[in-house]
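Next comes my_file.cif, a file with mmCIF, C-alpha atoms and all ligand atoms.
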```cif
data_entry
loop_
_atom_site.group_PDB
_atom_site.id
_atom_site.type_symbol
_atom_site.label_atom_id
_atom_site.label_comp_id
_atom_site.auth_asym_id
_atom_site.auth_seq_id
_atom_site.Cartn_x
_atom_site.Cartn_y
_atom_site.Cartn_z
ATOM 1 C CA MET U 1259 -1.197 39.549 -19.624
ATOM 2 C CA ARG U 1260 0.293 39.882 -16.174
ATOM 3 C CA LYS U 1261 4.072 39.936 -15.985
ATOM 4 C CA PRO U 1262 5.302 37.588 -13.253
ATOM 5 C CA MET U 1263 7.063 39.255 -10.373
ATOM 6 C CA ILE U 1264 9.405 37.947 -7.689
ATOM 7 C CA VAL U 1265 10.197 40.241 -4.779
ATOM 8 C CA GLY U 1266 12.904 39.639 -2.180
ATOM 9 C CA ASN U 1267 11.964 41.167 1.164
ATOM 10 C CA TRP U 1268 15.231 41.274 3.063
ATOM 11 C CA LYS U 1269 13.521 42.540 6.218
ATOM 12 C CA MET U 1270 15.897 43.831 8.914
ATOM 13 C CA ASN U 1271 18.915 41.937 7.609
ATOM 14 C CA ASN U 1272 22.261 42.733 5.968
ATOM 15 C CA THR U 1273 24.747 45.522 6.500
ATOM 16 C CA ILE U 1274 25.566 47.706 3.515
ATOM 17 C CA ALA U 1275 28.538 45.494 2.608
ATOM 18 C CA GLU U 1276 26.410 42.347 2.908
ATOM 19 C CA SER U 1277 23.644 43.912 0.830
ATOM 20 C CA ILE U 1278 26.080 44.795 -1.950
ATOM 21 C CA ARG U 1279 27.576 41.316 -1.860
ATOM 22 C CA LEU U 1280 24.160 39.643 -2.044
ATOM 23 C CA VAL U 1281 22.897 41.750 -4.930
ATOM 24 C CA THR U 1282 26.177 41.467 -6.810
ATOM 25 C CA GLU U 1283 25.952 37.665 -6.670
ATOM 26 C CA LEU U 1284 22.290 37.813 -7.611
ATOM 27 C CA LYS U 1285 22.735 39.994 -10.674
ATOM 28 C CA GLU U 1286 25.147 37.469 -12.175
ATOM 29 C CA LEU U 1287 22.801 34.568 -11.444
ATOM 30 C CA VAL U 1288 19.709 36.171 -12.984
ATOM 31 C CA SER U 1289 21.292 38.196 -15.772
ATOM 32 C CA GLU U 1290 19.702 36.045 -18.485
ATOM 33 C CA VAL U 1291 16.195 36.180 -17.030
ATOM 34 C CA GLU U 1292 13.662 38.058 -19.137
ATOM 35 C CA ASP U 1293 9.967 38.779 -18.792
ATOM 36 C CA ILE U 1294 9.948 38.697 -15.001
ATOM 37 C CA ASP U 1295 10.022 41.688 -12.718
ATOM 38 C CA ILE U 1296 12.787 40.961 -10.214
ATOM 39 C CA VAL U 1297 12.723 43.241 -7.180
ATOM 40 C CA VAL U 1298 14.866 43.397 -4.056
ATOM 41 C CA ALA U 1299 13.814 45.326 -0.957
ATOM 42 C CA PRO U 1300 16.807 46.046 1.295
ATOM 43 C CA SER U 1301 16.702 48.095 4.500
ATOM 44 C CA PHE U 1302 16.449 51.874 4.087
ATOM 45 C CA VAL U 1303 20.133 52.406 4.844
ATOM 46 C CA ALA U 1304 21.274 50.062 2.078
ATOM 47 C CA LEU U 1305 18.963 51.431 -0.638
ATOM 48 C CA THR U 1306 21.452 53.854 -2.161
ATOM 49 C CA SER U 1307 24.259 51.311 -2.373
ATOM 50 C CA VAL U 1308 21.980 48.658 -3.839
ATOM 51 C CA ALA U 1309 20.531 51.195 -6.307
ATOM 52 C CA ILE U 1310 24.065 51.838 -7.588
ATOM 53 C CA ALA U 1311 24.901 48.113 -7.716
ATOM 54 C CA ILE U 1312 21.849 47.278 -9.862
ATOM 55 C CA GLN U 1313 22.184 50.088 -12.378
ATOM 56 C CA ASP U 1314 21.749 48.725 -15.925
ATOM 57 C CA THR U 1315 20.637 45.307 -14.713
ATOM 58 C CA ASN U 1316 17.257 43.544 -14.775
ATOM 59 C CA ILE U 1317 16.854 43.968 -10.995
ATOM 60 C CA GLN U 1318 14.597 46.681 -9.607
ATOM 61 C CA LEU U 1319 14.494 48.345 -6.216
ATOM 62 C CA GLY U 1320 11.824 48.344 -3.533
ATOM 63 C CA ALA U 1321 11.577 49.578 0.051
ATOM 64 C CA GLN U 1322 9.909 47.809 2.958
ATOM 65 C CA ASN U 1323 7.811 50.663 4.316
ATOM 66 C CA ALA U 1324 7.040 54.370 3.869
ATOM 67 C CA PHE U 1325 5.279 57.098 5.787
ATOM 68 C CA TRP U 1326 2.236 58.756 4.239
ATOM 69 C CA GLU U 1327 3.260 62.421 4.473
ATOM 70 C CA GLU U 1328 5.728 63.860 1.973
ATOM 71 C CA SER U 1329 7.865 65.700 4.514
ATOM 72 C CA GLY U 1330 7.614 67.389 7.896
ATOM 73 C CA PRO U 1331 8.079 66.853 11.621
ATOM 74 C CA TYR U 1332 7.829 63.028 11.688
ATOM 75 C CA THR U 1333 11.021 62.000 13.404
ATOM 76 C CA GLY U 1334 12.372 58.693 12.180
ATOM 77 C CA GLU U 1335 10.062 58.325 9.195
ATOM 78 C CA VAL U 1336 10.856 58.104 5.482
ATOM 79 C CA SER U 1337 8.425 59.305 2.822
ATOM 80 C CA ALA U 1338 7.453 57.731 -0.484
ATOM 81 C CA VAL U 1339 8.866 60.792 -2.253
ATOM 82 C CA MET U 1340 12.247 60.140 -0.610
ATOM 83 C CA LEU U 1341 12.129 56.508 -1.689
ATOM 84 C CA LYS U 1342 11.390 57.506 -5.261
ATOM 85 C CA ASP U 1343 14.303 59.926 -5.066
ATOM 86 C CA VAL U 1344 16.712 57.187 -3.967
ATOM 87 C CA GLY U 1345 15.723 55.018 -6.939
ATOM 88 C CA CYS U 1346 12.881 52.813 -5.678
ATOM 89 C CA GLN U 1347 10.125 51.778 -8.051
ATOM 90 C CA TYR U 1348 8.211 49.754 -5.450
ATOM 91 C CA VAL U 1349 7.357 49.834 -1.769
ATOM 92 C CA ILE U 1350 6.041 46.999 0.380
ATOM 93 C CA LEU U 1351 3.214 48.270 2.593
ATOM 94 C CA GLY U 1352 1.099 46.709 5.321
ATOM 95 C CA HIS U 1353 3.355 43.724 5.881
ATOM 96 C CA SER U 1354 1.985 41.576 8.709
ATOM 97 C CA GLU U 1355 5.093 42.271 10.795
ATOM 98 C CA ARG U 1356 4.252 45.982 10.622
ATOM 99 C CA ARG U 1357 0.619 45.291 11.429
ATOM 100 C CA GLN U 1358 1.675 43.110 14.381
ATOM 101 C CA TYR U 1359 4.628 44.995 15.910
ATOM 102 C CA PHE U 1360 3.825 48.563 14.872
ATOM 103 C CA LYS U 1361 0.044 48.380 15.057
ATOM 104 C CA GLU U 1362 -0.530 49.416 11.471
ATOM 105 C CA THR U 1363 -4.236 49.350 10.729
ATOM 106 C CA ASP U 1364 -5.979 49.085 7.376
ATOM 107 C CA GLU U 1365 -6.573 52.845 7.531
ATOM 108 C CA ILE U 1366 -2.851 53.525 7.988
ATOM 109 C CA VAL U 1367 -2.002 51.105 5.202
ATOM 110 C CA ASN U 1368 -4.518 52.874 2.949
ATOM 111 C CA LYS U 1369 -2.921 56.285 3.586
ATOM 112 C CA LYS U 1370 0.483 54.819 2.795
ATOM 113 C CA VAL U 1371 -0.774 53.160 -0.396
ATOM 114 C CA LEU U 1372 -2.302 56.436 -1.610
ATOM 115 C CA SER U 1373 0.860 58.394 -0.843
ATOM 116 C CA ALA U 1374 3.024 55.814 -2.611
ATOM 117 C CA ILE U 1375 0.887 56.091 -5.743
ATOM 118 C CA ASP U 1376 1.039 59.892 -5.559
ATOM 119 C CA ALA U 1377 4.834 59.684 -5.397
ATOM 120 C CA GLY U 1378 4.944 57.446 -8.477
ATOM 121 C CA LEU U 1379 5.823 54.251 -6.622
ATOM 122 C CA ILE U 1380 4.097 50.916 -7.089
ATOM 123 C CA PRO U 1381 2.768 49.762 -3.719
ATOM 124 C CA ILE U 1382 2.965 46.060 -2.908
ATOM 125 C CA MET U 1383 0.157 45.855 -0.378
ATOM 126 C CA CYS U 1384 0.215 42.843 1.934
ATOM 127 C CA ILE U 1385 -2.881 41.184 3.321
ATOM 128 C CA GLY U 1386 -3.451 37.835 5.018
ATOM 129 C CA GLU U 1387 -5.175 36.061 7.859
ATOM 130 C CA THR U 1388 -3.720 34.711 11.102
ATOM 131 C CA LEU U 1389 -3.861 31.032 12.017
ATOM 132 C CA GLU U 1390 -6.671 31.685 14.473
ATOM 133 C CA GLU U 1391 -8.698 33.459 11.798
ATOM 134 C CA ARG U 1392 -8.142 30.592 9.361
ATOM 135 C CA GLU U 1393 -9.165 28.029 11.943
ATOM 136 C CA LYS U 1394 -12.368 29.969 12.551
ATOM 137 C CA ASN U 1395 -13.055 29.925 8.795
ATOM 138 C CA ARG U 1396 -12.591 33.665 8.587
ATOM 139 C CA ALA U 1397 -9.728 33.760 6.054
ATOM 140 C CA PHE U 1398 -11.909 34.932 3.147
ATOM 141 C CA SER U 1399 -13.637 37.689 5.091
ATOM 142 C CA VAL U 1400 -10.436 38.950 6.761
ATOM 143 C CA VAL U 1401 -8.653 39.173 3.421
ATOM 144 C CA GLU U 1402 -11.666 40.881 1.845
ATOM 145 C CA THR U 1403 -11.827 43.534 4.569
ATOM 146 C CA GLN U 1404 -8.079 44.213 4.477
ATOM 147 C CA LEU U 1405 -8.159 44.451 0.689
ATOM 148 C CA LYS U 1406 -11.146 46.788 0.420
ATOM 149 C CA ARG U 1407 -9.959 49.083 3.198
ATOM 150 C CA GLY U 1408 -6.380 49.107 1.983
ATOM 151 C CA ILE U 1409 -7.255 50.173 -1.558
ATOM 152 C CA GLN U 1410 -10.063 52.542 -0.651
ATOM 153 C CA ASP U 1411 -10.108 55.679 -2.844
ATOM 154 C CA ILE U 1412 -7.818 54.168 -5.449
ATOM 155 C CA HIS U 1413 -9.524 54.985 -8.717
ATOM 156 C CA SER U 1414 -9.719 52.652 -11.646
ATOM 157 C CA ASP U 1415 -7.145 54.617 -13.635
ATOM 158 C CA GLN U 1416 -4.592 53.926 -10.894
ATOM 159 C CA ALA U 1417 -5.650 50.425 -9.905
ATOM 160 C CA GLU U 1418 -3.365 48.641 -12.351
ATOM 161 C CA ASN U 1419 -0.443 50.287 -10.575
ATOM 162 C CA ILE U 1420 -0.894 48.330 -7.411
ATOM 163 C CA VAL U 1421 0.355 44.871 -6.536
ATOM 164 C CA ILE U 1422 -1.391 42.765 -3.905
ATOM 165 C CA ALA U 1423 0.567 40.243 -1.844
ATOM 166 C CA TYR U 1424 -1.426 37.532 -0.105
ATOM 167 C CA GLU U 1425 0.634 36.392 2.856
ATOM 168 C CA PRO U 1426 -1.102 34.118 5.350
ATOM 169 C CA VAL U 1427 0.488 35.101 8.663
ATOM 170 C CA TRP U 1428 0.805 31.453 9.711
ATOM 171 C CA ALA U 1429 3.009 30.749 6.691
ATOM 172 C CA ILE U 1430 5.485 33.611 7.165
ATOM 173 C CA GLY U 1431 8.890 32.462 8.357
ATOM 174 C CA THR U 1432 7.404 29.216 9.649
ATOM 175 C CA GLY U 1433 8.425 26.858 6.873
ATOM 176 C CA ARG U 1434 4.733 26.045 6.546
ATOM 177 C CA THR U 1435 3.647 27.174 3.071
ATOM 178 C CA ALA U 1436 0.024 27.375 2.083
ATOM 179 C CA THR U 1437 -0.707 24.633 -0.407
ATOM 180 C CA PRO U 1438 -1.016 25.912 -3.972
ATOM 181 C CA GLU U 1439 -4.753 25.137 -3.713
ATOM 182 C CA GLN U 1440 -5.172 27.117 -0.490
ATOM 183 C CA ALA U 1441 -3.307 30.060 -2.006
ATOM 184 C CA GLU U 1442 -5.174 29.892 -5.317
ATOM 185 C CA GLU U 1443 -8.617 29.960 -3.721
ATOM 186 C CA ILE U 1444 -7.747 33.140 -1.848
ATOM 187 C CA HIS U 1445 -6.101 34.691 -4.920
ATOM 188 C CA PHE U 1446 -9.226 33.880 -6.930
ATOM 189 C CA HIS U 1447 -11.337 35.513 -4.217
ATOM 190 C CA ILE U 1448 -9.105 38.623 -4.303
ATOM 191 C CA ARG U 1449 -9.406 38.868 -8.083
ATOM 192 C CA LYS U 1450 -13.184 38.540 -7.867
ATOM 193 C CA ILE U 1451 -13.327 41.452 -5.414
ATOM 194 C CA LEU U 1452 -11.058 43.503 -7.674
ATOM 195 C CA SER U 1453 -13.344 42.693 -10.637
ATOM 196 C CA LYS U 1454 -16.364 43.939 -8.737
ATOM 197 C CA LEU U 1455 -14.551 47.149 -7.850
ATOM 198 C CA TYR U 1456 -12.786 47.902 -11.123
ATOM 199 C CA GLY U 1457 -14.223 45.595 -13.789
ATOM 200 C CA ASN U 1458 -12.741 42.453 -15.286
ATOM 201 C CA SER U 1459 -10.182 43.943 -17.618
ATOM 202 C CA ILE U 1460 -8.484 46.016 -14.907
ATOM 203 C CA ALA U 1461 -8.713 43.198 -12.354
ATOM 204 C CA ASN U 1462 -7.093 40.859 -14.859
ATOM 205 C CA ASN U 1463 -4.093 43.168 -15.076
ATOM 206 C CA ILE U 1464 -3.475 43.474 -11.324
ATOM 207 C CA ARG U 1465 -0.753 41.212 -10.028
ATOM 208 C CA ILE U 1466 -1.409 39.126 -6.941
ATOM 209 C CA LEU U 1467 1.709 37.674 -5.305
ATOM 210 C CA TYR U 1468 1.837 34.863 -2.786
ATOM 211 C CA GLY U 1469 4.146 35.101 0.225
ATOM 212 C CA GLY U 1470 4.931 32.803 3.121
ATOM 213 C CA SER U 1471 7.777 30.284 3.143
ATOM 214 C CA VAL U 1472 8.296 30.397 -0.620
ATOM 215 C CA LYS U 1473 11.316 28.272 -1.552
ATOM 216 C CA PRO U 1474 12.860 26.824 -4.708
ATOM 217 C CA GLU U 1475 11.025 23.571 -3.858
ATOM 218 C CA ASN U 1476 7.530 25.076 -4.007
ATOM 219 C CA ILE U 1477 7.733 28.006 -6.445
ATOM 220 C CA SER U 1478 6.857 26.138 -9.633
ATOM 221 C CA GLU U 1479 3.684 24.560 -8.246
ATOM 222 C CA LEU U 1480 2.575 27.920 -6.861
ATOM 223 C CA MET U 1481 3.280 29.675 -10.175
ATOM 224 C CA ALA U 1482 1.299 27.021 -12.036
ATOM 225 C CA LYS U 1483 -1.913 28.353 -10.492
ATOM 226 C CA PRO U 1484 -3.844 30.753 -12.714
ATOM 227 C CA ASN U 1485 -4.216 33.577 -10.189
ATOM 228 C CA ILE U 1486 -0.760 33.433 -8.616
ATOM 229 C CA ASP U 1487 1.367 35.981 -10.440
ATOM 230 C CA GLY U 1488 4.542 35.875 -8.420
ATOM 231 C CA ALA U 1489 5.986 35.703 -4.941
ATOM 232 C CA LEU U 1490 7.061 37.865 -2.047
ATOM 233 C CA VAL U 1491 9.996 36.018 -0.561
ATOM 234 C CA GLY U 1492 11.532 36.592 2.866
ATOM 235 C CA GLY U 1493 14.026 34.062 4.238
ATOM 236 C CA ALA U 1494 14.920 32.466 0.898
ATOM 237 C CA SER U 1495 15.735 35.869 -0.619
ATOM 238 C CA LEU U 1496 18.734 36.243 1.705
ATOM 239 C CA ASP U 1497 20.610 33.569 -0.199
ATOM 240 C CA SER U 1498 21.486 34.503 -3.775
ATOM 241 C CA GLN U 1499 21.317 30.912 -5.044
ATOM 242 C CA SER U 1500 17.891 30.178 -3.555
ATOM 243 C CA PHE U 1501 16.472 33.483 -4.688
ATOM 244 C CA ALA U 1502 17.837 32.966 -8.212
ATOM 245 C CA HIS U 1503 16.220 29.516 -8.316
ATOM 246 C CA ILE U 1504 12.910 31.061 -7.264
ATOM 247 C CA VAL U 1505 13.232 33.752 -9.945
ATOM 248 C CA LYS U 1506 13.730 30.972 -12.506
ATOM 249 C CA PHE U 1507 10.904 28.837 -11.039
ATOM 250 C CA GLU U 1508 13.300 25.953 -10.564
ATOM 251 C CA GLN U 1509 14.321 23.773 -7.633
HETATM 252 P P1 LIG W 1601 9.196 34.157 4.428
HETATM 253 O O1 LIG W 1601 8.656 35.672 4.533
HETATM 254 O O2 LIG W 1601 9.438 33.880 2.981
HETATM 255 O O3 LIG W 1601 10.441 34.129 5.254
HETATM 256 O O4 LIG W 1601 8.106 33.277 4.988
HETATM 257 C C1 LIG W 1601 7.775 36.189 3.592
HETATM 258 C C2 LIG W 1601 7.438 37.610 3.934
HETATM 259 O O5 LIG W 1601 7.303 37.937 5.124
HETATM 260 O O6 LIG W 1601 7.299 38.465 3.031
#
```
Could you rewrite the structure in this file as structure tokens?
Amino acid sequence: MRKPMIVGNWKMNNTIAESIRLVTELKELVSEVEDIDIVVAPSFVALTSVAIAIQDTNIQLGAQNAFWEESGPYTGEVSAVMLKDVGCQYVILGHSERRQYFKETDEIVNKKVLSAIDAGLIPIMCIGETLEEREKNRAFSVVETQLKRGIQDIHSDQAENIVIAYEPVWAIGTGRTATPEQAEEIHFHIRKILSKLYGNSIANNIRILYGGSVKPENISELMAKPNIDGALVGGASLDSQSFAHIVKFEQ
């Protein structure tokens, strides 16, 4: 079955010293946790230090973005190959903040997802509707379009190596979480689309995370839903205690 996964997206926070402090506290707090993939995604500049700090622990490393080419004249960009080299196993792609502030389209996200897979990274591809889209009853169709375009050309033999994160934009950093029912109905919809594309057995192995104001107070009710396989956590991942509580599904 699907192994639960909790990812801390630190966004543009923490110096190197702060990153090391946070992950050092965290590794003590979660050292006994088994059967959950625990991932932290620091900024690019802290990846090496965090990679060293989590050696021989149950914490894995992710990045928050990657460019789609392997190398070349792309000033300021970092490739998936470079992230693999620094010790990442995962990369978050298509986060709504990147779609909003850096105009990343589904086509761009798709190129990034394909390059991450080629480099041997597991992409965590984010999709989710805005408040306006939800209010116009377009949440299901927006998510469907983002999903299908984002994973275009991923063949069935690679499909189990992707992770989908459903993050309703209106729930990110707002303190306003989707209810477990609202999240589950979208997750169910996502799994149905994946089943149509890849068949039931592959779709049943693909993890779908929920993100958007996940906290110790709401993690257990979210995780109780059949199609919610974990969480992508922003704000609450910056505090080692809160993140550890989320990893343990406890308040
Ligand atoms: P949040 O962010 O937990 O602070 O709402 C989630 C995310 O953007 O991944």
Residues of region 1281-1373 of chain U at most 7 Å from region 1489-1509 of chain U: nearest atom pair and distance in Å, only C-alpha atoms, as JSON lines:
```
{"residue": "U:Glu1283", "atom": "CA", "partner": "U:Ser1498", "partner_atom": "CA", "distance": 6.2}
{"residue": "U:Leu1284", "atom": "CA", "partner": "U:Ser1498", "partner_atom": "CA", "distance": 5.1}
{"residue": "U:Leu1287", "atom": "CA", "partner": "U:Ala1502", "partner_atom": "CA", "distance": 6.1}
{"residue": "U:Val1288", "atom": "CA", "partner": "U:Ala1502", "partner_atom": "CA", "distance": 6.0}
```
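With all atoms listed in the file as the atoms that count, the residue of U:Glu1393, U:Glu1292, U:Glu1362, U:Glu1425 with the shortest distance to ligand LIG 1601 (chain W) is U:Glu1425.
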Could you tell me, as an mmCIF file with C-alpha atoms, in the coordinates of the input, exactly which residues end up selected when the PyMOL selection byres (((chain U and resi 1304-1313) around 7) and not hetatm) is applied to this structure?
```cif
data_model
loop_
_atom_site.group_PDB
_atom_site.id
_atom_site.type_symbol
_atom_site.label_atom_id
_atom_site.label_comp_id
_atom_site.auth_asym_id
_atom_site.auth_seq_id
_atom_site.Cartn_x
_atom_site.Cartn_y
_atom_site.Cartn_z
ATOM 1 C CA ILE U 1274 25.566 47.706 3.515
ATOM 2 C CA SER U 1277 23.644 43.912 0.830
ATOM 3 C CA ILE U 1278 26.080 44.795 -1.950
ATOM 4 C CA THR U 1282 26.177 41.467 -6.810
ATOM 5 C CA PRO U 1300 16.807 46.046 1.295
ATOM 6 C CA SER U 1301 16.702 48.095 4.500
ATOM 7 C CA PHE U 1302 16.449 51.874 4.087
ATOM 8 C CA VAL U 1303 20.133 52.406 4.844
ATOM 9 C CA ASP U 1314 21.749 48.725 -15.925
ATOM 10 C CA THR U 1315 20.637 45.307 -14.713
ATOM 11 C CA ILE U 1317 16.854 43.968 -10.995
ATOM 12 C CA LEU U 1319 14.494 48.345 -6.216
ATOM 13 C CA VAL U 1344 16.712 57.187 -3.967
ATOM 14 C CA GLY U 1345 15.723 55.018 -6.939
#
```
Could you give me, as a PyMOL selection string, every polymer residue with an atom at most 9 Å away from an atom of ligand LIG 1601 (chain W), counting all atoms listed in the file?
-> chain U and resi 1265-1269+1353-1355+1384+1423+1425+1427-1435+1468-1473+1489-1495
Selection result for the PyMOL selection byres (((chain U and resi 1320) around 7) and not hetatm) on this file, as a short mmCIF file (atom, residue, chain, number, x, y, z; two decimals) with C-alpha atoms, keeping the file's coordinate frame:
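Result saved to selection18.cif:
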```cif
data_model
loop_
_atom_site.label_atom_id
_atom_site.label_comp_id
_atom_site.auth_asym_id
_atom_site.auth_seq_id
_atom_site.Cartn_x
_atom_site.Cartn_y
_atom_site.Cartn_z
CA VAL U 1297 12.72 43.24 -7.18
CA VAL U 1298 14.87 43.40 -4.06
CA ALA U 1299 13.81 45.33 -0.96
CA GLN U 1318 14.60 46.68 -9.61
CA LEU U 1319 14.49 48.34 -6.22
CA ALA U 1321 11.58 49.58 0.05
CA GLN U 1322 9.91 47.81 2.96
CA CYS U 1346 12.88 52.81 -5.68
CA GLN U 1347 10.12 51.78 -8.05
CA TYR U 1348 8.21 49.75 -5.45
CA VAL U 1349 7.36 49.83 -1.77
#
```
Residue contacts of Pro1381 (chain U) (7 Å, all atoms listed in the file) excluding same-chain residues fewer than 4 positions away, as a PDB file with C-alpha atoms, keeping the file's coordinate frame:
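Result went into out19.pdb, see below:
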```
ATOM      1  CA  TYR U1348       8.211  49.754  -5.450  1.00  0.00           C
ATOM      2  CA  VAL U1349       7.357  49.834  -1.769  1.00  0.00           C
ATOM      3  CA  ILE U1350       6.041  46.999   0.380  1.00  0.00           C
ATOM      4  CA  LEU U1351       3.214  48.270   2.593  1.00  0.00           C
ATOM      5  CA  VAL U1371      -0.774  53.160  -0.396  1.00  0.00           C
ATOM      6  CA  ALA U1374       3.024  55.814  -2.611  1.00  0.00           C
ATOM      7  CA  ILE U1375       0.887  56.091  -5.743  1.00  0.00           C
ATOM      8  CA  ILE U1420      -0.894  48.330  -7.411  1.00  0.00           C
ATOM      9  CA  VAL U1421       0.355  44.871  -6.536  1.00  0.00           C
TER      10      VAL U1421
END
```
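Put simply, CA of Phe1398 (chain U) is 15.8 Å away from CA of Pro1438 (chain U).
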Would you mind listing what lies within 9 Å of Leu1455 (chain U) as a PyMOL selection string, with all atoms listed in the file counted and same-chain residues fewer than 4 positions away left out?
-> chain U and resi 1406+1414+1450-1451+1461
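Distances to Ile1264 (chain U) were evaluated for U:Glu1286, U:Asp1376, U:Asp1293, U:Glu1276 using all atoms listed in the file, and the minimum falls at U:Asp1293.
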So, counting only C-alpha atoms, which residue among U:Met1340, U:Val1401, U:Ala1324, U:Ile1294 is closest to Gly1386 (chain U)?
-> U:Val1401
CA of Asn1463 (chain U) to CA of Glu1387 (chain U) measures 24.0 Å
Repaired coordinates for region 1437-1443 of chain U (all heavy atoms) as a PDB file, keeping the file's coordinate frame:
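Final output, saved to rebuild-v9.pdb:
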```
ATOM      1  N   THR U1437      -0.769  25.479   0.783  1.00  0.00           N
ATOM      2  CA  THR U1437      -0.707  24.633  -0.407  1.00  0.00           C
ATOM      3  C   THR U1437      -1.076  25.513  -1.606  1.00  0.00           C
ATOM      4  O   THR U1437      -1.757  26.533  -1.444  1.00  0.00           O
ATOM      5  CB  THR U1437      -1.706  23.459  -0.323  1.00  0.00           C
ATOM      6  OG1 THR U1437      -3.027  24.024  -0.306  1.00  0.00           O
ATOM      7  CG2 THR U1437      -1.478  22.614   0.921  1.00  0.00           C
ATOM      8  N   PRO U1438      -0.650  25.118  -2.789  1.00  0.00           N
ATOM      9  CA  PRO U1438      -1.016  25.912  -3.972  1.00  0.00           C
ATOM     10  C   PRO U1438      -2.536  26.071  -4.075  1.00  0.00           C
ATOM     11  O   PRO U1438      -3.026  27.119  -4.484  1.00  0.00           O
ATOM     12  CB  PRO U1438      -0.463  25.089  -5.139  1.00  0.00           C
ATOM     13  CG  PRO U1438       0.668  24.309  -4.534  1.00  0.00           C
ATOM     14  CD  PRO U1438       0.269  24.017  -3.116  1.00  0.00           C
ATOM     15  N   GLU U1439      -3.284  25.057  -3.645  1.00  0.00           N
ATOM     16  CA  GLU U1439      -4.753  25.137  -3.713  1.00  0.00           C
ATOM     17  C   GLU U1439      -5.293  26.162  -2.715  1.00  0.00           C
ATOM     18  O   GLU U1439      -6.181  26.950  -3.031  1.00  0.00           O
ATOM     19  CB  GLU U1439      -5.387  23.758  -3.435  1.00  0.00           C
ATOM     20  CG  GLU U1439      -5.136  22.708  -4.508  1.00  0.00           C
ATOM     21  CD  GLU U1439      -3.668  22.255  -4.615  1.00  0.00           C
ATOM     22  OE1 GLU U1439      -2.961  22.225  -3.566  1.00  0.00           O
ATOM     23  OE2 GLU U1439      -3.232  21.945  -5.734  1.00  0.00           O
ATOM     24  N   GLN U1440      -4.734  26.132  -1.493  1.00  0.00           N
ATOM     25  CA  GLN U1440      -5.172  27.117  -0.490  1.00  0.00           C
ATOM     26  C   GLN U1440      -4.871  28.533  -0.962  1.00  0.00           C
ATOM     27  O   GLN U1440      -5.674  29.441  -0.800  1.00  0.00           O
ATOM     28  CB  GLN U1440      -4.438  26.888   0.851  1.00  0.00           C
ATOM     29  CG  GLN U1440      -4.949  25.727   1.662  1.00  0.00           C
ATOM     30  CD  GLN U1440      -4.059  25.478   2.883  1.00  0.00           C
ATOM     31  OE1 GLN U1440      -2.834  25.586   2.796  1.00  0.00           O
ATOM     32  NE2 GLN U1440      -4.666  25.138   4.003  1.00  0.00           N
ATOM     33  N   ALA U1441      -3.679  28.732  -1.529  1.00  0.00           N
ATOM     34  CA  ALA U1441      -3.307  30.060  -2.006  1.00  0.00           C
ATOM     35  C   ALA U1441      -4.209  30.468  -3.167  1.00  0.00           C
ATOM     36  O   ALA U1441      -4.766  31.562  -3.179  1.00  0.00           O
ATOM     37  CB  ALA U1441      -1.836  30.085  -2.422  1.00  0.00           C
ATOM     38  N   GLU U1442      -4.399  29.554  -4.126  1.00  0.00           N
ATOM     39  CA  GLU U1442      -5.174  29.892  -5.317  1.00  0.00           C
ATOM     40  C   GLU U1442      -6.605  30.289  -4.966  1.00  0.00           C
ATOM     41  O   GLU U1442      -7.158  31.226  -5.546  1.00  0.00           O
ATOM     42  CB  GLU U1442      -5.154  28.716  -6.310  1.00  0.00           C
ATOM     43  CG  GLU U1442      -6.085  28.826  -7.510  1.00  0.00           C
ATOM     44  CD  GLU U1442      -5.818  30.002  -8.453  1.00  0.00           C
ATOM     45  OE1 GLU U1442      -4.705  30.567  -8.436  1.00  0.00           O
ATOM     46  OE2 GLU U1442      -6.755  30.373  -9.195  1.00  0.00           O
ATOM     47  N   GLU U1443      -7.215  29.611  -3.995  1.00  0.00           N
ATOM     48  CA  GLU U1443      -8.617  29.960  -3.721  1.00  0.00           C
ATOM     49  C   GLU U1443      -8.727  31.363  -3.125  1.00  0.00           C
ATOM     50  O   GLU U1443      -9.682  32.082  -3.404  1.00  0.00           O
ATOM     51  CB  GLU U1443      -9.355  28.902  -2.886  1.00  0.00           C
ATOM     52  CG  GLU U1443      -8.820  28.664  -1.509  1.00  0.00           C
ATOM     53  CD  GLU U1443      -9.645  27.636  -0.729  1.00  0.00           C
ATOM     54  OE1 GLU U1443     -10.542  26.998  -1.312  1.00  0.00           O
ATOM     55  OE2 GLU U1443      -9.383  27.479   0.484  1.00  0.00           O
TER      56      GLU U1443
END
```
